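The data block below is upload.tsv; it holds TSV, C-alpha atoms.
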```
chain	number	residue	atom	x	y	z
A	4	MET	CA	101.96	-97.60	-29.01
A	5	ASP	CA	98.35	-98.46	-28.56
A	6	ARG	CA	95.55	-97.07	-30.67
A	7	GLY	CA	94.51	-94.32	-28.16
A	8	GLU	CA	97.99	-92.80	-28.06
A	9	GLN	CA	98.30	-92.84	-31.84
A	10	GLY	CA	95.08	-90.75	-32.15
A	11	LEU	CA	96.45	-88.09	-29.85
A	12	MET	CA	99.70	-87.74	-31.77
A	13	ARG	CA	98.23	-87.15	-35.22
A	14	THR	CA	99.57	-84.19	-37.14
A	15	ASP	CA	96.76	-83.90	-39.70
A	16	PRO	CA	95.35	-80.39	-40.15
A	17	VAL	CA	92.45	-79.39	-37.90
A	18	PRO	CA	89.26	-78.93	-39.91
A	19	GLU	CA	87.92	-75.37	-40.17
A	20	GLU	CA	84.49	-74.33	-39.01
A	21	GLY	CA	81.77	-76.02	-41.01
A	22	GLU	CA	83.98	-78.79	-42.37
A	23	ASP	CA	83.01	-82.35	-41.75
A	24	VAL	CA	85.73	-83.90	-39.61
A	25	VAL	CA	85.15	-87.44	-40.87
A	26	ALA	CA	85.16	-86.35	-44.53
A	27	THR	CA	88.38	-84.34	-44.06
A	28	ILE	CA	90.26	-87.16	-42.40
A	29	SER	CA	89.13	-89.82	-44.85
A	30	ALA	CA	89.62	-87.52	-47.89
A	31	THR	CA	93.21	-86.60	-47.04
A	32	GLU	CA	94.06	-90.23	-46.43
A	33	THR	CA	92.64	-91.43	-49.75
A	34	LEU	CA	93.79	-88.61	-52.08
A	35	SER	CA	96.69	-89.23	-54.34
A	36	GLU	CA	99.35	-86.59	-54.87
A	37	GLU	CA	97.89	-85.87	-58.31
A	38	GLU	CA	94.38	-85.31	-56.87
A	39	ARG	CA	95.77	-83.00	-54.21
A	40	GLU	CA	97.57	-80.95	-56.85
A	41	GLU	CA	94.33	-80.72	-58.88
A	42	LEU	CA	92.44	-79.49	-55.79
A	43	ARG	CA	95.13	-76.90	-55.06
A	44	ARG	CA	94.83	-75.58	-58.63
A	45	GLU	CA	91.03	-75.44	-58.27
A	46	LEU	CA	91.40	-73.67	-54.93
A	47	ALA	CA	93.71	-71.09	-56.47
A	48	LYS	CA	91.26	-70.62	-59.37
A	49	VAL	CA	88.27	-70.11	-57.02
A	50	GLU	CA	90.25	-67.62	-54.91
A	51	GLU	CA	91.19	-65.73	-58.09
A	52	GLU	CA	87.52	-65.65	-59.20
A	53	ILE	CA	86.51	-64.31	-55.79
A	54	GLN	CA	89.14	-61.58	-56.09
A	55	THR	CA	87.91	-60.70	-59.60
A	56	LEU	CA	84.28	-60.61	-58.47
A	57	SER	CA	85.22	-58.33	-55.56
A	58	GLN	CA	86.91	-55.94	-57.99
A	59	VAL	CA	83.89	-56.04	-60.35
A	60	LEU	CA	81.56	-55.37	-57.43
A	61	ALA	CA	83.65	-52.39	-56.29
A	62	ALA	CA	83.60	-50.99	-59.85
A	63	LYS	CA	79.81	-51.46	-60.07
A	64	GLU	CA	79.31	-49.71	-56.72
A	65	LYS	CA	81.45	-46.80	-57.92
A	66	HIS	CA	79.41	-46.60	-61.14
A	67	LEU	CA	76.17	-46.71	-59.11
A	68	THR	CA	77.36	-43.82	-56.95
A	69	GLU	CA	78.22	-41.79	-60.04
A	70	ILE	CA	74.79	-42.40	-61.60
A	71	LYS	CA	73.04	-41.40	-58.36
A	72	ARG	CA	75.14	-38.23	-58.19
A	73	LYS	CA	74.18	-37.31	-61.76
A	74	LEU	CA	70.50	-37.94	-60.99
A	75	GLY	CA	70.71	-35.81	-57.85
A	76	ILE	CA	69.91	-38.69	-55.55
A	77	ASN	CA	71.64	-38.19	-52.23
A	78	SER	CA	71.87	-40.20	-49.04
A	79	LEU	CA	69.04	-38.30	-47.37
A	80	GLN	CA	66.66	-39.06	-50.22
A	81	GLU	CA	67.68	-42.70	-50.14
A	82	LEU	CA	67.11	-42.78	-46.40
A	83	LYS	CA	63.65	-41.25	-46.85
A	84	GLN	CA	62.79	-43.83	-49.51
A	85	ASN	CA	64.09	-46.66	-47.34
A	86	ILE	CA	62.08	-45.45	-44.36
A	87	ALA	CA	58.94	-45.06	-46.47
A	88	LYS	CA	59.40	-48.56	-47.89
A	89	GLY	CA	60.08	-49.95	-44.44
A	90	TRP	CA	56.97	-48.27	-43.04
A	91	GLN	CA	54.92	-49.63	-45.93
A	92	ASP	CA	56.25	-53.11	-45.20
A	93	VAL	CA	55.42	-52.74	-41.50
A	94	THR	CA	51.86	-51.56	-42.16
A	95	ALA	CA	51.30	-54.55	-44.42
A	96	THR	CA	52.03	-57.05	-41.64
A	97	SER	CA	49.20	-58.81	-39.86
A	98	ALA	CA	50.64	-57.83	-36.47
A	99	TYR	CA	50.42	-54.14	-37.37
A	100	LYS	CA	46.87	-54.55	-38.68
A	101	LYS	CA	45.77	-56.36	-35.51
A	102	THR	CA	47.44	-53.76	-33.30
A	103	SER	CA	45.92	-50.91	-35.29
A	104	GLU	CA	42.48	-52.46	-35.05
A	105	THR	CA	42.85	-53.01	-31.31
A	106	LEU	CA	44.01	-49.43	-30.74
A	107	SER	CA	41.14	-48.13	-32.86
A	108	GLN	CA	38.64	-50.06	-30.77
A	109	ALA	CA	40.30	-48.84	-27.56
A	110	GLY	CA	40.11	-45.26	-28.85
A	111	GLN	CA	36.42	-45.63	-29.63
A	112	LYS	CA	35.76	-47.03	-26.16
A	113	ALA	CA	37.78	-44.24	-24.53
A	114	SER	CA	35.89	-41.66	-26.59
A	115	ALA	CA	32.58	-43.13	-25.48
A	116	ALA	CA	33.76	-43.15	-21.86
A	117	PHE	CA	34.87	-39.49	-22.03
A	118	SER	CA	31.57	-38.56	-23.65
A	119	SER	CA	29.74	-40.34	-20.85
A	120	VAL	CA	31.86	-38.58	-18.20
A	121	GLY	CA	31.19	-35.24	-19.92
A	122	SER	CA	27.46	-35.91	-19.86
A	123	VAL	CA	27.59	-36.78	-16.17
A	124	ILE	CA	29.54	-33.61	-15.36
A	125	THR	CA	27.11	-31.49	-17.39
A	126	LYS	CA	24.16	-33.03	-15.54
A	127	LYS	CA	25.84	-32.44	-12.17
A	128	LEU	CA	26.52	-28.80	-13.04
A	129	GLU	CA	22.89	-28.38	-14.08
A	130	ASP	CA	21.82	-29.95	-10.78
A	131	VAL	CA	24.06	-27.51	-8.88
A	132	LYS	CA	22.68	-24.56	-10.86
A	133	ASN	CA	19.12	-25.65	-10.05
A	134	SER	CA	19.86	-26.34	-6.37
A	135	PRO	CA	18.27	-24.15	-3.69
A	136	THR	CA	21.70	-23.06	-2.41
A	137	PHE	CA	22.78	-21.79	-5.82
A	138	LYS	CA	19.39	-20.10	-6.37
A	139	SER	CA	19.77	-18.36	-3.02
A	140	PHE	CA	23.28	-17.22	-3.89
A	141	GLU	CA	22.08	-16.02	-7.28
A	142	GLU	CA	19.27	-14.02	-5.63
A	143	LYS	CA	21.74	-12.39	-3.24
A	144	VAL	CA	23.94	-11.38	-6.13
A	145	GLU	CA	20.92	-9.97	-7.96
A	146	ASN	CA	19.94	-7.99	-4.85
A	147	LEU	CA	23.47	-6.68	-4.48
A	148	LYS	CA	23.49	-5.75	-8.13
A	149	SER	CA	20.26	-3.83	-7.93
A	150	LYS	CA	21.44	-1.98	-4.82
A	151	VAL	CA	24.86	-1.09	-6.24
A	152	GLY	CA	24.23	-0.74	-9.95
A	153	GLY	CA	20.80	0.76	-10.07
A	154	THR	CA	17.74	-0.64	-11.72
A	155	LYS	CA	18.25	-3.00	-14.51
A	156	PRO	CA	15.93	-5.78	-15.46
A	157	ALA	CA	16.70	-8.95	-13.58
A	158	GLY	CA	18.01	-11.84	-15.57
A	159	GLY	CA	21.06	-12.62	-17.58
A	160	ASP	CA	23.48	-15.31	-16.84
A	161	PHE	CA	25.64	-15.57	-13.75
A	162	GLY	CA	28.76	-14.26	-15.58
A	163	GLU	CA	26.92	-11.11	-16.66
A	164	VAL	CA	25.71	-10.56	-13.12
A	165	LEU	CA	29.23	-10.85	-11.71
A	166	ASN	CA	30.66	-8.55	-14.38
A	167	SER	CA	28.04	-5.90	-13.83
A	168	THR	CA	28.48	-6.14	-10.05
A	169	ALA	CA	32.22	-5.72	-10.42
A	170	ASN	CA	31.72	-2.72	-12.73
A	171	ALA	CA	29.19	-1.18	-10.37
A	172	SER	CA	31.46	-1.48	-7.34
A	173	SER	CA	34.43	0.00	-9.20
A	174	THR	CA	32.42	3.06	-10.27
A	175	THR	CA	31.19	3.76	-6.74
A	176	THR	CA	34.63	3.60	-5.17
A	177	GLU	CA	36.25	6.09	-7.56
A	178	PRO	CA	34.93	9.65	-7.24
A	179	LEU	CA	33.73	11.21	-10.40
A	180	PRO	CA	35.51	14.38	-11.61
A	181	GLU	CA	32.24	16.39	-11.17
A	182	GLN	CA	31.90	15.32	-7.52
A	183	THR	CA	35.48	16.37	-6.79
A	184	GLN	CA	34.99	19.83	-8.19
A	185	GLU	CA	31.66	20.36	-6.37
A	186	SER	CA	33.11	19.40	-3.02
A	187	LEU	CA	35.78	22.12	-3.37
```
Before we go any further, please render this structure as structure tokens.
Amino acid sequence: MDRGEQGLMRTDPVPEEGEDVVATISATETLSEEEREELRRELAKVEEEIQTLSQVLAAKEKHLTEIKRKLGINSLQELKQNIAKGWQDVTATSAYKKTSETLSQAGQKASAAFSSVGSVITKKLEDVKNSPTFKSFEEKVENLKSKVGGTKPAGGDFGEVLNSTANASSTTTEPLPEQTQESL
């Protein structure tokens, strides 16, 4: 048999994940039976310690649960505390601070833009109110008001004029009880 075939026919154990292949092969070849027995005892001891620690951990978790129950701490309260702590941690990050600052600046710019738009709209409405067309319409409404509603001093805002015109037209279309009796 040549050397390549011999390597393929080895029956040594396959190393587990994370084990160094070279160290495993050379260690098993150089260990005496006594050293192997010592390692097996140590392995058994470590496995037993792990088992003991797992049992201790389970007992501690049970004790923790009992203490929390006696203190009235429930899962919802723990969740709230965890969320609050998590939020506090998030707000402490530089990314959050930068984002917050950027959004604040964007909000200020948007506020200024809306204020500017509002000013422009207000000016345009004032221009419309002062335009000859609107003045003419306002005069026609005033004339209609004086004809329908009687004599009242001119003036008031446009809303008052419309309301009084609407009231005047509704009173002229409904006959008064006195007029009904006289016509009989």
Hey, can you check how far CA of Lys101 in chain A sits from CA of Ala113 in chain A? 18.2 Å
I need the residue nearest Glu81 in chain A from this list: A:Tyr99, A:Gly110, A:Leu60, A:Thr68. Use only C-alpha atoms for the distance.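 Answer, going by the shortest atom-to-atom distance: A:Thr68.
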Coordinates-based distance that separates CA of Asp130 in chain A from CA of Lys143 in chain A (Å, one decimal):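 These atoms are spaced 19.1 Å apart.
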Quick one: distance from CA of Glu52 in chain A to CA of Ser35 in chain A in Å, one decimal?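 Computing it gives 25.8 Å between the two atoms.
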From the block I gave, I'd like range 60-75 of chain A written with all heavy atoms, as a PDB file, in the first residue's frame.
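Output saved as decode09.pdb:
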```pdb
ATOM      1  N   LEU A  60     -28.118  25.961  38.815  1.00  0.00           N
ATOM      2  CA  LEU A  60     -28.737  27.052  38.065  1.00  0.00           C
ATOM      3  C   LEU A  60     -30.257  26.920  38.072  1.00  0.00           C
ATOM      4  O   LEU A  60     -30.977  27.901  38.301  1.00  0.00           O
ATOM      5  CB  LEU A  60     -28.214  27.087  36.625  1.00  0.00           C
ATOM      6  CG  LEU A  60     -28.784  28.182  35.729  1.00  0.00           C
ATOM      7  CD1 LEU A  60     -28.480  29.565  36.285  1.00  0.00           C
ATOM      8  CD2 LEU A  60     -28.240  28.049  34.314  1.00  0.00           C
ATOM      9  N   ALA A  61     -30.773  25.736  37.848  1.00  0.00           N
ATOM     10  CA  ALA A  61     -32.224  25.518  37.859  1.00  0.00           C
ATOM     11  C   ALA A  61     -32.801  25.852  39.234  1.00  0.00           C
ATOM     12  O   ALA A  61     -33.862  26.485  39.343  1.00  0.00           O
ATOM     13  CB  ALA A  61     -32.543  24.073  37.484  1.00  0.00           C
ATOM     14  N   ALA A  62     -32.099  25.462  40.307  1.00  0.00           N
ATOM     15  CA  ALA A  62     -32.565  25.770  41.660  1.00  0.00           C
ATOM     16  C   ALA A  62     -32.549  27.274  41.912  1.00  0.00           C
ATOM     17  O   ALA A  62     -33.482  27.826  42.512  1.00  0.00           O
ATOM     18  CB  ALA A  62     -31.698  25.054  42.692  1.00  0.00           C
ATOM     19  N   LYS A  63     -31.527  27.959  41.445  1.00  0.00           N
ATOM     20  CA  LYS A  63     -31.424  29.418  41.605  1.00  0.00           C
ATOM     21  C   LYS A  63     -32.550  30.126  40.836  1.00  0.00           C
ATOM     22  O   LYS A  63     -33.140  31.075  41.326  1.00  0.00           O
ATOM     23  CB  LYS A  63     -30.063  29.929  41.112  1.00  0.00           C
ATOM     24  CG  LYS A  63     -28.886  29.487  41.926  1.00  0.00           C
ATOM     25  CD  LYS A  63     -28.774  30.293  43.184  1.00  0.00           C
ATOM     26  CE  LYS A  63     -27.495  29.933  43.925  1.00  0.00           C
ATOM     27  NZ  LYS A  63     -27.416  30.589  45.205  1.00  0.00           N
ATOM     28  N   GLU A  64     -32.842  29.652  39.626  1.00  0.00           N
ATOM     29  CA  GLU A  64     -33.921  30.251  38.839  1.00  0.00           C
ATOM     30  C   GLU A  64     -35.268  30.061  39.531  1.00  0.00           C
ATOM     31  O   GLU A  64     -36.108  30.962  39.550  1.00  0.00           O
ATOM     32  CB  GLU A  64     -33.942  29.661  37.426  1.00  0.00           C
ATOM     33  CG  GLU A  64     -32.792  30.143  36.567  1.00  0.00           C
ATOM     34  CD  GLU A  64     -32.735  29.485  35.203  1.00  0.00           C
ATOM     35  OE1 GLU A  64     -33.331  28.394  35.014  1.00  0.00           O
ATOM     36  OE2 GLU A  64     -32.083  30.046  34.313  1.00  0.00           O
ATOM     37  N   LYS A  65     -35.468  28.893  40.125  1.00  0.00           N
ATOM     38  CA  LYS A  65     -36.706  28.629  40.864  1.00  0.00           C
ATOM     39  C   LYS A  65     -36.805  29.561  42.069  1.00  0.00           C
ATOM     40  O   LYS A  65     -37.866  30.135  42.339  1.00  0.00           O
ATOM     41  CB  LYS A  65     -36.732  27.165  41.311  1.00  0.00           C
ATOM     42  CG  LYS A  65     -38.016  26.761  41.985  1.00  0.00           C
ATOM     43  CD  LYS A  65     -37.990  25.278  42.351  1.00  0.00           C
ATOM     44  CE  LYS A  65     -39.276  24.877  43.057  1.00  0.00           C
ATOM     45  NZ  LYS A  65     -39.267  23.479  43.465  1.00  0.00           N
ATOM     46  N   HIS A  66     -35.704  29.748  42.775  1.00  0.00           N
ATOM     47  CA  HIS A  66     -35.667  30.640  43.936  1.00  0.00           C
ATOM     48  C   HIS A  66     -35.941  32.086  43.496  1.00  0.00           C
ATOM     49  O   HIS A  66     -36.686  32.818  44.164  1.00  0.00           O
ATOM     50  CB  HIS A  66     -34.310  30.516  44.637  1.00  0.00           C
ATOM     51  CG  HIS A  66     -34.184  31.310  45.887  1.00  0.00           C
ATOM     52  ND1 HIS A  66     -34.943  31.067  47.014  1.00  0.00           N
ATOM     53  CD2 HIS A  66     -33.379  32.360  46.202  1.00  0.00           C
ATOM     54  CE1 HIS A  66     -34.623  31.929  47.961  1.00  0.00           C
ATOM     55  NE2 HIS A  66     -33.677  32.730  47.490  1.00  0.00           N
ATOM     56  N   LEU A  67     -35.352  32.496  42.386  1.00  0.00           N
ATOM     57  CA  LEU A  67     -35.572  33.834  41.834  1.00  0.00           C
ATOM     58  C   LEU A  67     -37.050  34.054  41.537  1.00  0.00           C
ATOM     59  O   LEU A  67     -37.621  35.092  41.883  1.00  0.00           O
ATOM     60  CB  LEU A  67     -34.741  34.017  40.556  1.00  0.00           C
ATOM     61  CG  LEU A  67     -34.968  35.309  39.779  1.00  0.00           C
ATOM     62  CD1 LEU A  67     -34.360  36.481  40.517  1.00  0.00           C
ATOM     63  CD2 LEU A  67     -34.374  35.186  38.384  1.00  0.00           C
ATOM     64  N   THR A  68     -37.676  33.088  40.915  1.00  0.00           N
ATOM     65  CA  THR A  68     -39.103  33.180  40.589  1.00  0.00           C
ATOM     66  C   THR A  68     -39.934  33.321  41.856  1.00  0.00           C
ATOM     67  O   THR A  68     -40.881  34.120  41.902  1.00  0.00           O
ATOM     68  CB  THR A  68     -39.542  31.924  39.794  1.00  0.00           C
ATOM     69  OG1 THR A  68     -38.730  31.803  38.639  1.00  0.00           O
ATOM     70  CG2 THR A  68     -40.995  32.012  39.383  1.00  0.00           C
ATOM     71  N   GLU A  69     -39.593  32.587  42.878  1.00  0.00           N
ATOM     72  CA  GLU A  69     -40.320  32.647  44.147  1.00  0.00           C
ATOM     73  C   GLU A  69     -40.167  34.025  44.798  1.00  0.00           C
ATOM     74  O   GLU A  69     -41.138  34.599  45.296  1.00  0.00           O
ATOM     75  CB  GLU A  69     -39.814  31.548  45.097  1.00  0.00           C
ATOM     76  CG  GLU A  69     -40.559  31.456  46.409  1.00  0.00           C
ATOM     77  CD  GLU A  69     -42.023  31.073  46.246  1.00  0.00           C
ATOM     78  OE1 GLU A  69     -42.380  30.431  45.230  1.00  0.00           O
ATOM     79  OE2 GLU A  69     -42.819  31.440  47.116  1.00  0.00           O
ATOM     80  N   ILE A  70     -38.964  34.571  44.779  1.00  0.00           N
ATOM     81  CA  ILE A  70     -38.736  35.908  45.352  1.00  0.00           C
ATOM     82  C   ILE A  70     -39.541  36.956  44.585  1.00  0.00           C
ATOM     83  O   ILE A  70     -40.188  37.826  45.185  1.00  0.00           O
ATOM     84  CB  ILE A  70     -37.224  36.251  45.331  1.00  0.00           C
ATOM     85  CG1 ILE A  70     -36.471  35.379  46.325  1.00  0.00           C
ATOM     86  CG2 ILE A  70     -37.010  37.720  45.652  1.00  0.00           C
ATOM     87  CD1 ILE A  70     -34.952  35.513  46.218  1.00  0.00           C
ATOM     88  N   LYS A  71     -39.522  36.886  43.264  1.00  0.00           N
ATOM     89  CA  LYS A  71     -40.282  37.842  42.444  1.00  0.00           C
ATOM     90  C   LYS A  71     -41.775  37.730  42.735  1.00  0.00           C
ATOM     91  O   LYS A  71     -42.472  38.738  42.811  1.00  0.00           O
ATOM     92  CB  LYS A  71     -40.022  37.601  40.953  1.00  0.00           C
ATOM     93  CG  LYS A  71     -38.665  38.088  40.510  1.00  0.00           C
ATOM     94  CD  LYS A  71     -38.478  37.847  39.020  1.00  0.00           C
ATOM     95  CE  LYS A  71     -37.139  38.339  38.548  1.00  0.00           C
ATOM     96  NZ  LYS A  71     -36.962  38.126  37.104  1.00  0.00           N
ATOM     97  N   ARG A  72     -42.260  36.507  42.909  1.00  0.00           N
ATOM     98  CA  ARG A  72     -43.676  36.316  43.221  1.00  0.00           C
ATOM     99  C   ARG A  72     -44.020  36.973  44.548  1.00  0.00           C
ATOM    100  O   ARG A  72     -45.020  37.670  44.679  1.00  0.00           O
ATOM    101  CB  ARG A  72     -44.017  34.829  43.257  1.00  0.00           C
ATOM    102  CG  ARG A  72     -45.518  34.544  43.446  1.00  0.00           C
ATOM    103  CD  ARG A  72     -45.805  33.081  43.694  1.00  0.00           C
ATOM    104  NE  ARG A  72     -45.180  32.558  44.904  1.00  0.00           N
ATOM    105  CZ  ARG A  72     -45.628  32.778  46.150  1.00  0.00           C
ATOM    106  NH1 ARG A  72     -46.669  33.530  46.344  1.00  0.00           N
ATOM    107  NH2 ARG A  72     -45.001  32.264  47.184  1.00  0.00           N
ATOM    108  N   LYS A  73     -43.168  36.791  45.556  1.00  0.00           N
ATOM    109  CA  LYS A  73     -43.408  37.382  46.872  1.00  0.00           C
ATOM    110  C   LYS A  73     -43.354  38.909  46.822  1.00  0.00           C
ATOM    111  O   LYS A  73     -44.077  39.582  47.555  1.00  0.00           O
ATOM    112  CB  LYS A  73     -42.395  36.860  47.890  1.00  0.00           C
ATOM    113  CG  LYS A  73     -42.641  35.424  48.294  1.00  0.00           C
ATOM    114  CD  LYS A  73     -41.589  34.936  49.283  1.00  0.00           C
ATOM    115  CE  LYS A  73     -41.831  33.488  49.684  1.00  0.00           C
ATOM    116  NZ  LYS A  73     -40.771  33.002  50.602  1.00  0.00           N
ATOM    117  N   LEU A  74     -42.512  39.452  45.971  1.00  0.00           N
ATOM    118  CA  LEU A  74     -42.403  40.912  45.824  1.00  0.00           C
ATOM    119  C   LEU A  74     -43.496  41.486  44.921  1.00  0.00           C
ATOM    120  O   LEU A  74     -43.646  42.697  44.819  1.00  0.00           O
ATOM    121  CB  LEU A  74     -41.031  41.288  45.269  1.00  0.00           C
ATOM    122  CG  LEU A  74     -39.855  41.111  46.215  1.00  0.00           C
ATOM    123  CD1 LEU A  74     -38.545  41.376  45.484  1.00  0.00           C
ATOM    124  CD2 LEU A  74     -39.981  42.043  47.410  1.00  0.00           C
ATOM    125  N   GLY A  75     -44.242  40.633  44.277  1.00  0.00           N
ATOM    126  CA  GLY A  75     -45.316  41.098  43.390  1.00  0.00           C
ATOM    127  C   GLY A  75     -44.817  41.529  42.027  1.00  0.00           C
ATOM    128  O   GLY A  75     -45.502  42.256  41.320  1.00  0.00           O
TER     129      GLY A  75
END
```
